[in-house]
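Content type mmCIF, C-alpha atoms, from the file coords_11.cif:
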data_query
#
loop_
_atom_site.label_atom_id
_atom_site.label_comp_id
_atom_site.auth_asym_id
_atom_site.auth_seq_id
_atom_site.Cartn_x
_atom_site.Cartn_y
_atom_site.Cartn_z
CA MET L 874 6.60 -23.24 -45.35
CA HIS L 875 4.64 -26.26 -46.41
CA ASN L 876 6.49 -27.20 -49.60
CA PRO L 877 9.59 -24.99 -49.99
CA SER L 878 11.55 -24.98 -53.21
CA VAL L 879 15.06 -26.40 -53.32
CA GLU L 880 17.72 -25.50 -55.86
CA ILE L 881 20.31 -28.15 -56.71
CA LEU L 882 23.59 -26.73 -58.01
CA LEU L 883 25.43 -29.10 -60.36
CA ALA L 884 28.96 -28.21 -61.48
CA THR L 885 30.04 -30.32 -64.45
CA TYR L 886 33.25 -31.02 -66.31
CA ASN L 887 33.75 -34.03 -68.59
CA GLY L 888 31.30 -36.06 -66.53
CA GLY L 889 29.67 -37.92 -69.41
CA LEU L 890 30.62 -41.34 -68.09
CA PHE L 891 28.52 -41.08 -64.93
CA ILE L 892 26.23 -38.07 -65.12
CA SER L 893 23.15 -39.86 -66.46
CA GLU L 894 23.01 -42.03 -63.32
CA GLN L 895 23.27 -38.95 -61.14
CA LEU L 896 20.55 -37.10 -63.03
CA GLU L 897 18.24 -40.10 -62.82
CA SER L 898 18.78 -40.27 -59.06
CA LEU L 899 17.58 -36.65 -58.83
CA ALA L 900 14.45 -37.58 -60.73
CA GLN L 901 13.80 -40.39 -58.23
CA GLN L 902 13.83 -38.14 -55.15
CA THR L 903 10.88 -38.53 -52.78
CA TYR L 904 10.79 -34.73 -52.42
CA ASN L 905 10.02 -33.29 -55.83
CA ASN L 906 9.85 -29.52 -55.42
CA TRP L 907 13.38 -29.05 -56.69
CA ARG L 908 15.03 -27.22 -59.55
CA LEU L 909 18.42 -28.08 -61.06
CA ILE L 910 20.91 -25.38 -62.08
CA VAL L 911 23.88 -26.57 -64.14
CA ARG L 912 27.09 -24.80 -65.10
CA ASP L 913 29.63 -26.59 -67.25
CA ASP L 914 33.34 -25.77 -66.92
CA GLY L 915 34.30 -26.44 -70.53
CA SER L 916 33.60 -30.13 -71.09
CA SER L 917 34.91 -31.75 -74.25
CA ASP L 918 32.72 -34.86 -73.98
CA LEU L 919 28.94 -35.34 -74.12
CA THR L 920 28.19 -34.03 -70.64
CA LEU L 921 26.06 -31.08 -71.74
CA GLU L 922 24.22 -33.17 -74.32
CA GLN L 923 23.16 -35.59 -71.60
CA VAL L 924 22.03 -32.70 -69.39
CA ALA L 925 20.02 -31.32 -72.31
CA VAL L 926 18.28 -34.68 -72.80
CA PHE L 927 17.40 -34.73 -69.10
CA ALA L 928 16.08 -31.16 -69.32
CA LYS L 929 13.73 -32.17 -72.14
CA GLN L 930 12.46 -35.10 -70.09
CA TYR L 931 11.67 -32.81 -67.14
CA PRO L 932 10.48 -29.47 -68.56
CA GLY L 933 10.86 -26.51 -66.26
CA LYS L 934 13.12 -28.40 -63.83
CA VAL L 935 16.53 -27.60 -65.33
CA GLU L 936 18.42 -24.38 -66.07
CA ILE L 937 21.77 -24.47 -67.86
CA ILE L 938 23.93 -21.40 -67.25
CA CYS L 939 25.83 -20.22 -70.31
CA ASP L 940 28.44 -17.52 -69.71
CA GLN L 941 31.78 -16.34 -71.01
CA LYS L 942 33.72 -16.83 -67.78
CA GLY L 943 35.66 -19.85 -69.01
CA SER L 944 37.07 -22.55 -66.76
CA LEU L 945 36.64 -21.71 -63.07
CA LYS L 946 37.65 -25.12 -61.64
CA ALA L 947 35.56 -26.87 -59.00
CA VAL L 948 35.51 -24.18 -56.30
CA GLY L 949 34.94 -21.35 -58.76
CA ASN L 950 32.26 -23.26 -60.63
CA PHE L 951 30.26 -23.94 -57.46
CA ALA L 952 30.84 -20.36 -56.27
CA GLU L 953 29.41 -19.03 -59.54
CA LEU L 954 26.42 -21.35 -59.25
CA LEU L 955 25.82 -20.11 -55.72
CA GLN L 956 25.89 -16.54 -57.01
CA GLN L 957 23.15 -17.50 -59.48
CA SER L 958 20.96 -19.23 -56.89
CA SER L 959 17.87 -17.62 -55.38
CA ALA L 960 15.89 -20.34 -53.56
CA ASP L 961 15.42 -20.47 -49.80
CA TYR L 962 17.27 -23.81 -49.70
CA ILE L 963 20.24 -24.85 -51.81
CA MET L 964 22.12 -28.12 -52.31
CA PHE L 965 25.36 -29.02 -54.09
CA CYS L 966 25.58 -31.93 -56.49
CA ASP L 967 28.62 -33.72 -57.93
CA GLN L 968 28.34 -35.21 -61.40
CA ASP L 969 29.71 -38.66 -60.60
CA ASP L 970 27.72 -39.65 -57.49
CA VAL L 971 24.25 -41.12 -57.02
CA TRP L 972 21.76 -39.63 -54.58
CA MET L 973 19.69 -41.92 -52.41
CA PRO L 974 15.94 -41.32 -52.88
CA THR L 975 15.32 -39.56 -49.55
CA LYS L 976 18.35 -37.24 -49.64
CA ILE L 977 16.44 -34.00 -50.15
CA GLU L 978 13.64 -35.07 -47.81
CA HIS L 979 15.90 -35.82 -44.84
CA SER L 980 18.16 -32.81 -45.36
CA LEU L 981 15.22 -30.43 -45.60
CA ARG L 982 13.56 -31.92 -42.53
CA ARG L 983 16.71 -31.33 -40.48
CA MET L 984 17.08 -27.82 -41.90
CA LEU L 985 13.52 -26.89 -40.93
CA GLU L 986 14.07 -28.30 -37.44
CA LEU L 987 17.14 -26.10 -36.98
CA GLU L 988 15.32 -23.04 -38.32
CA GLU L 989 12.51 -23.75 -35.86
CA VAL L 990 15.00 -23.74 -32.97
CA ASN L 991 16.95 -20.75 -34.26
CA SER L 992 15.28 -18.69 -37.00
CA ARG L 993 15.15 -18.45 -40.78
CA ASP L 994 17.55 -15.51 -40.50
CA THR L 995 20.21 -17.74 -38.91
CA PRO L 996 22.88 -19.00 -41.35
CA ILE L 997 22.47 -22.80 -41.30
CA LEU L 998 24.31 -25.63 -43.03
CA VAL L 999 23.16 -29.27 -42.90
CA HIS L 1000 25.36 -32.16 -44.05
CA THR L 1001 25.10 -35.94 -44.05
CA ASP L 1002 27.16 -39.11 -44.12
CA LEU L 1003 27.94 -40.92 -47.38
CA ARG L 1004 28.32 -44.51 -48.54
CA VAL L 1005 31.66 -45.05 -50.28
CA VAL L 1006 31.33 -47.10 -53.49
CA ASN L 1007 33.56 -48.10 -56.39
CA ILE L 1008 33.08 -47.28 -60.05
CA GLU L 1009 30.38 -49.97 -60.34
CA LEU L 1010 28.59 -48.65 -57.23
CA GLU L 1011 29.70 -51.64 -55.16
CA VAL L 1012 30.03 -50.70 -51.48
CA LEU L 1013 33.57 -50.11 -50.19
CA ALA L 1014 32.51 -48.61 -46.85
CA ASN L 1015 29.01 -48.17 -45.51
CA SER L 1016 29.94 -44.94 -43.70
CA PHE L 1017 32.32 -42.32 -45.05
CA TRP L 1018 32.53 -40.79 -41.57
CA GLN L 1019 33.76 -44.06 -40.10
CA TYR L 1020 35.99 -44.71 -43.13
CA GLN L 1021 37.88 -41.47 -42.54
CA HIS L 1022 37.47 -41.27 -38.75
CA ILE L 1023 35.35 -38.11 -38.95
CA ILE L 1024 33.34 -36.84 -35.99
CA PRO L 1025 30.51 -34.81 -37.55
CA GLU L 1026 29.73 -32.74 -34.46
CA PHE L 1027 33.16 -31.14 -34.78
CA GLY L 1028 31.55 -29.12 -37.57
CA GLN L 1029 29.79 -27.11 -34.88
CA HIS L 1030 33.11 -25.74 -33.60
CA TRP L 1031 34.64 -23.12 -35.87
CA THR L 1032 38.07 -23.36 -34.24
CA ARG L 1033 38.22 -27.02 -35.29
CA LEU L 1034 37.11 -26.08 -38.81
CA LEU L 1035 40.06 -23.72 -39.17
CA LEU L 1036 42.25 -26.80 -39.52
CA GLN L 1037 40.05 -29.66 -40.70
CA ASN L 1038 36.86 -29.78 -42.73
CA VAL L 1039 34.29 -32.42 -41.74
CA VAL L 1040 31.66 -31.33 -44.28
CA THR L 1041 31.42 -33.01 -47.69
CA GLY L 1042 30.03 -30.65 -50.31
CA CYS L 1043 27.83 -33.12 -52.16
CA THR L 1044 25.86 -33.75 -48.95
CA VAL L 1045 25.27 -30.10 -48.08
CA MET L 1046 22.07 -28.12 -47.81
CA LEU L 1047 22.25 -24.44 -46.86
CA ASN L 1048 19.61 -21.82 -46.31
CA LYS L 1049 19.42 -18.42 -47.95
CA ALA L 1050 20.73 -16.69 -44.84
CA LEU L 1051 24.01 -18.63 -45.13
CA ARG L 1052 24.21 -18.01 -48.88
CA ASP L 1053 23.85 -14.28 -48.38
CA ILE L 1054 26.53 -13.94 -45.71
CA ALA L 1055 28.99 -16.44 -47.25
CA LEU L 1056 29.23 -14.77 -50.65
CA PRO L 1057 31.53 -13.98 -52.27
CA ILE L 1058 33.56 -17.15 -51.85
CA PRO L 1059 37.19 -15.96 -52.18
CA GLN L 1060 39.88 -17.56 -54.29
CA GLN L 1061 41.77 -18.43 -51.09
CA ALA L 1062 38.94 -20.74 -49.98
CA ILE L 1063 40.29 -24.29 -50.05
CA MET L 1064 36.90 -25.69 -51.04
CA HIS L 1065 33.44 -24.15 -51.23
CA ASP L 1066 32.06 -26.57 -48.61
CA TRP L 1067 34.86 -25.74 -46.17
CA TRP L 1068 34.24 -22.01 -46.52
CA LEU L 1069 30.49 -22.41 -46.03
CA ALA L 1070 31.01 -24.63 -42.98
CA LEU L 1071 33.32 -22.06 -41.39
CA VAL L 1072 30.92 -19.19 -42.00
CA ALA L 1073 27.95 -21.20 -40.73
CA ALA L 1074 29.78 -22.32 -37.58
CA ILE L 1075 30.87 -18.76 -36.78
CA PHE L 1076 27.66 -16.88 -37.52
CA GLY L 1077 25.00 -19.57 -37.26
CA THR L 1078 24.98 -23.32 -36.87
CA VAL L 1079 26.06 -26.55 -38.57
CA GLY L 1080 23.75 -29.55 -38.26
CA ASP L 1081 24.17 -33.12 -39.41
CA VAL L 1082 21.96 -35.99 -40.51
CA ARG L 1083 23.15 -39.33 -39.15
CA ARG L 1084 22.47 -41.32 -42.28
CA GLN L 1085 24.08 -41.95 -45.65
CA THR L 1086 22.36 -40.02 -48.44
CA VAL L 1087 24.90 -40.30 -51.28
CA LEU L 1088 26.66 -43.13 -53.06
CA TYR L 1089 30.10 -41.52 -53.14
CA ARG L 1090 31.71 -42.99 -56.24
CA GLN L 1091 35.48 -43.50 -56.25
CA HIS L 1092 36.97 -43.78 -59.72
CA GLY L 1093 40.48 -42.33 -59.58
CA MET L 1094 39.53 -38.92 -61.00
CA ASN L 1095 37.70 -37.51 -57.96
CA ASP L 1096 38.53 -33.91 -57.11
CA THR L 1097 39.01 -34.91 -53.46
CA GLY L 1098 37.77 -38.44 -52.86
CA ALA L 1099 37.78 -40.85 -49.94
CA LYS L 1100 40.99 -42.29 -48.53
CA SER L 1101 41.00 -45.14 -46.05
CA TRP L 1102 42.35 -43.90 -42.71
CA ASN L 1103 44.62 -46.89 -41.99
CA LEU L 1104 47.91 -47.00 -40.09
CA GLY L 1105 50.04 -46.93 -43.23
CA TYR L 1106 48.29 -43.83 -44.53
CA ILE L 1107 48.54 -42.13 -41.13
CA LEU L 1108 52.29 -42.74 -40.79
CA ASN L 1109 52.91 -41.67 -44.37
CA ARG L 1110 51.12 -38.37 -43.76
CA ILE L 1111 53.08 -37.68 -40.59
CA LEU L 1112 56.43 -38.59 -42.11
CA GLN L 1113 55.78 -36.44 -45.17
CA GLY L 1114 56.03 -33.20 -43.24
CA GLU L 1115 56.04 -31.09 -46.41
CA GLU L 1116 52.50 -32.20 -47.24
CA VAL L 1117 51.27 -31.41 -43.73
CA ARG L 1118 52.95 -28.00 -43.82
CA ALA L 1119 51.52 -27.24 -47.26
CA SER L 1120 48.04 -28.09 -46.00
CA LEU L 1121 48.58 -25.89 -42.95
CA SER L 1122 49.69 -23.04 -45.20
CA ARG L 1123 46.44 -23.24 -47.16
CA THR L 1124 44.36 -23.19 -43.98
CA LYS L 1125 46.23 -20.09 -42.76
CA ALA L 1126 45.60 -18.32 -46.06
CA GLN L 1127 41.92 -19.21 -45.86
CA ALA L 1128 41.76 -17.88 -42.30
CA GLY L 1129 43.46 -14.67 -43.38
CA VAL L 1130 40.85 -13.85 -45.99
CA LEU L 1131 38.10 -14.93 -43.55
CA ALA L 1132 39.34 -12.30 -41.09
CA GLN L 1133 39.48 -9.66 -43.82
CA GLN L 1134 36.04 -10.40 -45.25
CA TYR L 1135 34.26 -10.45 -41.89
CA ALA L 1136 36.34 -8.00 -39.85
CA GLU L 1137 33.29 -5.87 -39.10
CA LYS L 1138 30.99 -8.80 -38.30
CA LEU L 1139 33.23 -10.92 -36.08
CA SER L 1140 33.52 -10.39 -32.35
CA LEU L 1141 36.85 -8.84 -31.38
CA GLU L 1142 37.83 -12.05 -29.59
CA ASN L 1143 37.08 -14.29 -32.57
CA LEU L 1144 38.72 -11.88 -35.00
CA GLU L 1145 41.90 -11.87 -32.94
CA VAL L 1146 42.05 -15.67 -32.83
CA ILE L 1147 41.55 -15.98 -36.60
CA GLN L 1148 44.13 -13.30 -37.34
CA GLN L 1149 46.66 -14.89 -35.01
CA PHE L 1150 46.09 -18.29 -36.63
CA SER L 1151 46.62 -16.81 -40.09
CA ALA L 1152 49.90 -15.28 -38.84
CA LEU L 1153 50.99 -18.41 -36.96
CA ASP L 1154 54.46 -18.32 -38.51
CA SER L 1155 55.20 -15.10 -36.64
CA LEU L 1156 55.10 -16.99 -33.33
CA GLY L 1157 57.97 -18.96 -31.86
CA PHE L 1158 58.30 -22.75 -31.77
CA PHE L 1159 56.56 -23.26 -28.43
CA GLU L 1160 54.20 -20.30 -28.87
CA ARG L 1161 52.69 -21.82 -32.02
CA ARG L 1162 51.86 -25.08 -30.30
CA ALA L 1163 50.60 -23.38 -27.15
CA PHE L 1164 48.32 -21.14 -29.24
CA LEU L 1165 46.72 -24.11 -31.03
CA LEU L 1166 46.19 -26.01 -27.80
CA ARG L 1167 44.88 -22.99 -25.89
CA HIS L 1168 42.20 -22.22 -28.48
CA GLY L 1169 41.32 -25.81 -29.38
CA ILE L 1170 42.50 -25.39 -32.97
CA LEU L 1171 43.09 -29.09 -33.43
CA LYS L 1172 42.21 -31.97 -35.71
CA ILE L 1173 40.20 -35.11 -34.98
CA GLY L 1174 42.13 -37.85 -33.19
CA PHE L 1175 45.43 -38.27 -31.40
CA ILE L 1176 47.46 -39.34 -34.44
CA ARG L 1177 46.31 -36.42 -36.60
CA ASN L 1178 47.30 -34.01 -33.84
CA VAL L 1179 50.69 -35.65 -33.39
CA GLY L 1180 51.30 -35.00 -37.08
CA LEU L 1181 50.06 -31.43 -36.72
CA LEU L 1182 52.14 -30.54 -33.68
CA ALA L 1183 55.23 -32.19 -35.14
CA ASN L 1184 55.08 -30.05 -38.27
CA VAL L 1185 53.46 -26.76 -37.25
#

Structure rendered as C-alpha cells:
Amino acid sequence: MHNPSVEILLATYNGGLFISEQLESLAQQTYNNWRLIVRDDGSSDLTLEQVAVFAKQYPGKVEIICDQKGSLKAVGNFAELLQQSSADYIMFCDQDDVWMPTKIEHSLRRMLELEEVNSRDTPILVHTDLRVVNIELEVLANSFWQYQHIIPEFGQHWTRLLLQNVVTGCTVMLNKALRDIALPIPQQAIMHDWWLALVAAIFGTVGDVRRQTVLYRQHGMNDTGAKSWNLGYILNRILQGEEVRASLSRTKAQAGVLAQQYAEKLSLENLEVIQQFSALDSLGFFERRAFLLRHGILKIGFIRNVGLLANV
C-alpha cells in the first residue's frame, strides 16, 4: 500500500482544558492520510464544542460518534471506538497529550516493516517511547521508558505481559488483523492497551519504535500517568503488600478471561499456563513462586520481582 489510511481513535471526557492543543498536533502530522473518530463519555465542559470547531476546520477528517450507551469509562470508551473502526491501521489518542509531528509516519513505517517480515494477516502492535512533560509542556523526563525503568522488548514475551504492561496506549498503532482477533475487549481487561499487547504477543508480534512520539502531559488527573521509579517509590510499593496483591488479583482475572475467550485458538501448552496463572491461589506457597519462575512470569527488574515474590 502506497498511502494507507489511518484511523485515530480519541476518547474524550471533560478534556476542554487541553484538547485543542492535542487536536492541533494531529493537524500538524507529516503523514496526512488520517481520519479522527471521537466518542465522548459524557463531558460537562466544552470538550465536544472544541472538537466540533476542529471538525469544521478539517472537513471530512472527523467523525463524532453519538450513541445512547452512556458513560463507559476509559477502557470501555476506547473499546467502543475500536468496535467502530474499519481502517487497516488504527491509533489511540488521549485528549490531554500532544503528538510530535512524525508520530504517525514513524509508527506506520515500523508497522509496514513488520508486515513485510510477517504478513498483513499477522496481528501486529507497534508502540513508542514518550517524553514526560508537566502541565505547561515543560520536560520532566526525556524518556518515559527510562523514567519508569521499562524494557520495551519485554512486550514481545506474552508471559511477561501477564504481569506487567510495557505498552502505553496513546503510542499504539495496530493493524486490522489485531483489531479483528482482539475484539471484544472484556470488562476484565485492566486497560485496552494491555489487552491488545497480550493478544498481539500471543498470536502475532509486538514491535517498538525507539523514539519519543508523544508529549505525555502530567496534570494530576491522568487516568494512569507517569510515576518516577525512585527508591522511595519502590520501597513503598513493596511494603504496601495489599496494593501489590490487588494488582496481582486484577492480572489473574484478566488472564482468566483471556483463557476463556481464546480457548480454541491457544496452543494447549499456552492455554494451560494462562489457566494456571489465573488460578494461582490454588497452589501452595512454594508452588506459586516456582510456577512464576519456571514460566518466566516475572516483572522488569530485581526490585519489582522481590516485591512480587514477597506478596504472591

Padding 3 Å on every side, please: axis-aligned box over the listed atoms of region 886-899 of chain L, centre and edge lengths to one decimal in Å, as lines of an AutoDock Vina configuration file.
center_x = 25.7
center_y = -36.5
center_z = -64.1
size_x = 22.2
size_y = 17.0
size_z = 16.6

- Message: Which residues, named as in the file, does the PyMOL selection byres ((chain L and resi 1130-1142) around 9) pick out? Answer as a ChimeraX atom specification.
- Response: /L:1059,1061-1062,1068,1071-1072,1075-1076,1125-1129,1143-1148,1151

- Query: So what does the PyMOL selection byres ((chain L and resi 900-908) around 7) actually pick up in this one, as an MDAnalysis selection string?
  - Reply: chainID L and resid 878:881 896:899 909:910 934:935 974:975 977:978

Since we have the selection now, will you write its residues out, keeping C-alpha atoms, as a PDB file, keeping the file's coordinate frame?
ATOM      1  CA  SER L 878      11.550 -24.980 -53.210  1.00  0.00           C
ATOM      2  CA  VAL L 879      15.060 -26.400 -53.320  1.00  0.00           C
ATOM      3  CA  GLU L 880      17.720 -25.500 -55.860  1.00  0.00           C
ATOM      4  CA  ILE L 881      20.310 -28.150 -56.710  1.00  0.00           C
ATOM      5  CA  LEU L 896      20.550 -37.100 -63.030  1.00  0.00           C
ATOM      6  CA  GLU L 897      18.240 -40.100 -62.820  1.00  0.00           C
ATOM      7  CA  SER L 898      18.780 -40.270 -59.060  1.00  0.00           C
ATOM      8  CA  LEU L 899      17.580 -36.650 -58.830  1.00  0.00           C
ATOM      9  CA  LEU L 909      18.420 -28.080 -61.060  1.00  0.00           C
ATOM     10  CA  ILE L 910      20.910 -25.380 -62.080  1.00  0.00           C
ATOM     11  CA  LYS L 934      13.120 -28.400 -63.830  1.00  0.00           C
ATOM     12  CA  VAL L 935      16.530 -27.600 -65.330  1.00  0.00           C
ATOM     13  CA  PRO L 974      15.940 -41.320 -52.880  1.00  0.00           C
ATOM     14  CA  THR L 975      15.320 -39.560 -49.550  1.00  0.00           C
ATOM     15  CA  ILE L 977      16.440 -34.000 -50.150  1.00  0.00           C
ATOM     16  CA  GLU L 978      13.640 -35.070 -47.810  1.00  0.00           C
TER      17      GLU L 978
END

- Would you kindly translate the PyMOL selection byres ((chain L and resi 940) around 12) into the concrete residues it picks from this file, as a list in words? Val911, Arg912, Asp913, Asp914, Gly915, Ile937, Ile938, Cys939, Gln941, Lys942, Gly943, Ser944, Leu945, Asn950, Glu953, Leu954 and Gln957 of chain L

- Message: Can you measure CA of Gln1085 (chain L) to CA of Leu1171 (chain L) for me? One decimal in Å is fine.
- Response: 26.0 Å

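Nearest to Asn1178 (chain L) of all the residues L:Leu1036, L:Ala947, L:Val1005, L:Leu1088 is L:Leu1036, based on all atoms listed in the file.
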
- Task: Compile the contact shell of Gly1169 (chain L) as a ChimeraX atom specification: residues with an atom at most 12 Å away, counting all atoms listed in the file, same-chain residues fewer than 6 positions apart removed.
- Result: /L:1027,1030-1036,1146,1150,1162-1163,1178

For region 1065-1184 of chain L versus region 981-1004 of chain L, which residues have an atom no more than 6 Å away, and what is each residue's nearest atom pair and distance in Å rounded to one decimal, using all atoms listed in the file, chain-then-number order, as CSV?
residue,atom,partner,partner_atom,distance
L:Ala1073,CA,L:Pro996,CA,5.6
L:Gly1077,CA,L:Pro996,CA,4.6
L:Thr1078,CA,L:Ile997,CA,5.1
L:Val1079,CA,L:Leu998,CA,4.9
L:Gly1080,CA,L:Val999,CA,4.7
L:Asp1081,CA,L:His1000,CA,4.9
L:Val1082,CA,L:Thr1001,CA,4.7
L:Arg1084,CA,L:Asp1002,CA,5.5
L:Gln1085,CA,L:Leu1003,CA,4.4
L:Thr1086,CA,L:Leu1003,CA,5.8
L:Val1087,CA,L:Leu1003,CA,5.0
L:Leu1088,CA,L:Arg1004,CA,5.0
L:Tyr1089,CA,L:Arg1004,CA,5.8

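Coordinates place CA of Ala884 (chain L) at a distance of 17.2 Å from CA of Ala960 (chain L).
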
Just add N, CA and C atoms to region 961-985 of chain L and send it as a compact mmCIF listing (two decimals), in the coordinates of the input.
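Output (result28.txt):
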# COMPACT_ATOMS: atom_id res chain seq x y z
N ASP L 961 15.22 -20.52 -51.25
CA ASP L 961 15.42 -20.47 -49.80
C ASP L 961 16.35 -21.58 -49.32
N TYR L 962 16.42 -22.69 -50.08
CA TYR L 962 17.27 -23.81 -49.70
C TYR L 962 18.04 -24.29 -50.92
N ILE L 963 19.32 -24.57 -50.71
CA ILE L 963 20.24 -24.85 -51.81
C ILE L 963 21.06 -26.08 -51.48
N MET L 964 21.30 -26.92 -52.49
CA MET L 964 22.12 -28.12 -52.31
C MET L 964 23.18 -28.16 -53.40
N PHE L 965 24.30 -28.82 -53.11
CA PHE L 965 25.36 -29.02 -54.09
C PHE L 965 25.31 -30.46 -54.60
N CYS L 966 25.66 -30.61 -55.86
CA CYS L 966 25.58 -31.93 -56.49
C CYS L 966 26.83 -32.17 -57.32
N ASP L 967 27.48 -33.31 -57.11
CA ASP L 967 28.62 -33.72 -57.93
C ASP L 967 28.13 -34.61 -59.06
N GLN L 968 28.81 -34.55 -60.18
CA GLN L 968 28.34 -35.21 -61.40
C GLN L 968 28.51 -36.72 -61.38
N ASP L 969 29.37 -37.24 -60.52
CA ASP L 969 29.71 -38.66 -60.60
C ASP L 969 29.14 -39.51 -59.47
N ASP L 970 28.31 -38.90 -58.59
CA ASP L 970 27.72 -39.65 -57.49
C ASP L 970 26.31 -40.11 -57.86
N VAL L 971 25.67 -40.75 -56.89
CA VAL L 971 24.25 -41.12 -57.02
C VAL L 971 23.58 -40.76 -55.70
N TRP L 972 22.50 -40.00 -55.79
CA TRP L 972 21.76 -39.63 -54.58
C TRP L 972 20.78 -40.72 -54.19
N MET L 973 20.71 -41.01 -52.90
CA MET L 973 19.69 -41.92 -52.41
C MET L 973 18.33 -41.20 -52.43
N PRO L 974 17.25 -41.94 -52.60
CA PRO L 974 15.94 -41.32 -52.88
C PRO L 974 15.46 -40.31 -51.86
N THR L 975 15.84 -40.46 -50.58
CA THR L 975 15.32 -39.56 -49.55
C THR L 975 16.30 -38.46 -49.17
N LYS L 976 17.31 -38.23 -49.99
CA LYS L 976 18.35 -37.24 -49.64
C LYS L 976 17.77 -35.85 -49.39
N ILE L 977 17.00 -35.34 -50.33
CA ILE L 977 16.44 -34.00 -50.15
C ILE L 977 15.48 -33.98 -48.96
N GLU L 978 14.65 -35.00 -48.87
CA GLU L 978 13.64 -35.07 -47.81
C GLU L 978 14.27 -34.98 -46.43
N HIS L 979 15.30 -35.79 -46.16
CA HIS L 979 15.90 -35.82 -44.84
C HIS L 979 16.71 -34.56 -44.55
N SER L 980 17.39 -34.04 -45.56
CA SER L 980 18.16 -32.81 -45.36
C SER L 980 17.24 -31.63 -45.06
N LEU L 981 16.16 -31.53 -45.81
CA LEU L 981 15.22 -30.43 -45.60
C LEU L 981 14.53 -30.53 -44.25
N ARG L 982 14.19 -31.73 -43.84
CA ARG L 982 13.56 -31.92 -42.53
C ARG L 982 14.48 -31.43 -41.42
N ARG L 983 15.76 -31.78 -41.50
CA ARG L 983 16.71 -31.33 -40.48
C ARG L 983 16.89 -29.81 -40.54
N MET L 984 16.95 -29.27 -41.74
CA MET L 984 17.08 -27.82 -41.90
C MET L 984 15.91 -27.09 -41.25
N LEU L 985 14.70 -27.55 -41.50
CA LEU L 985 13.52 -26.89 -40.93
C LEU L 985 13.48 -27.01 -39.42
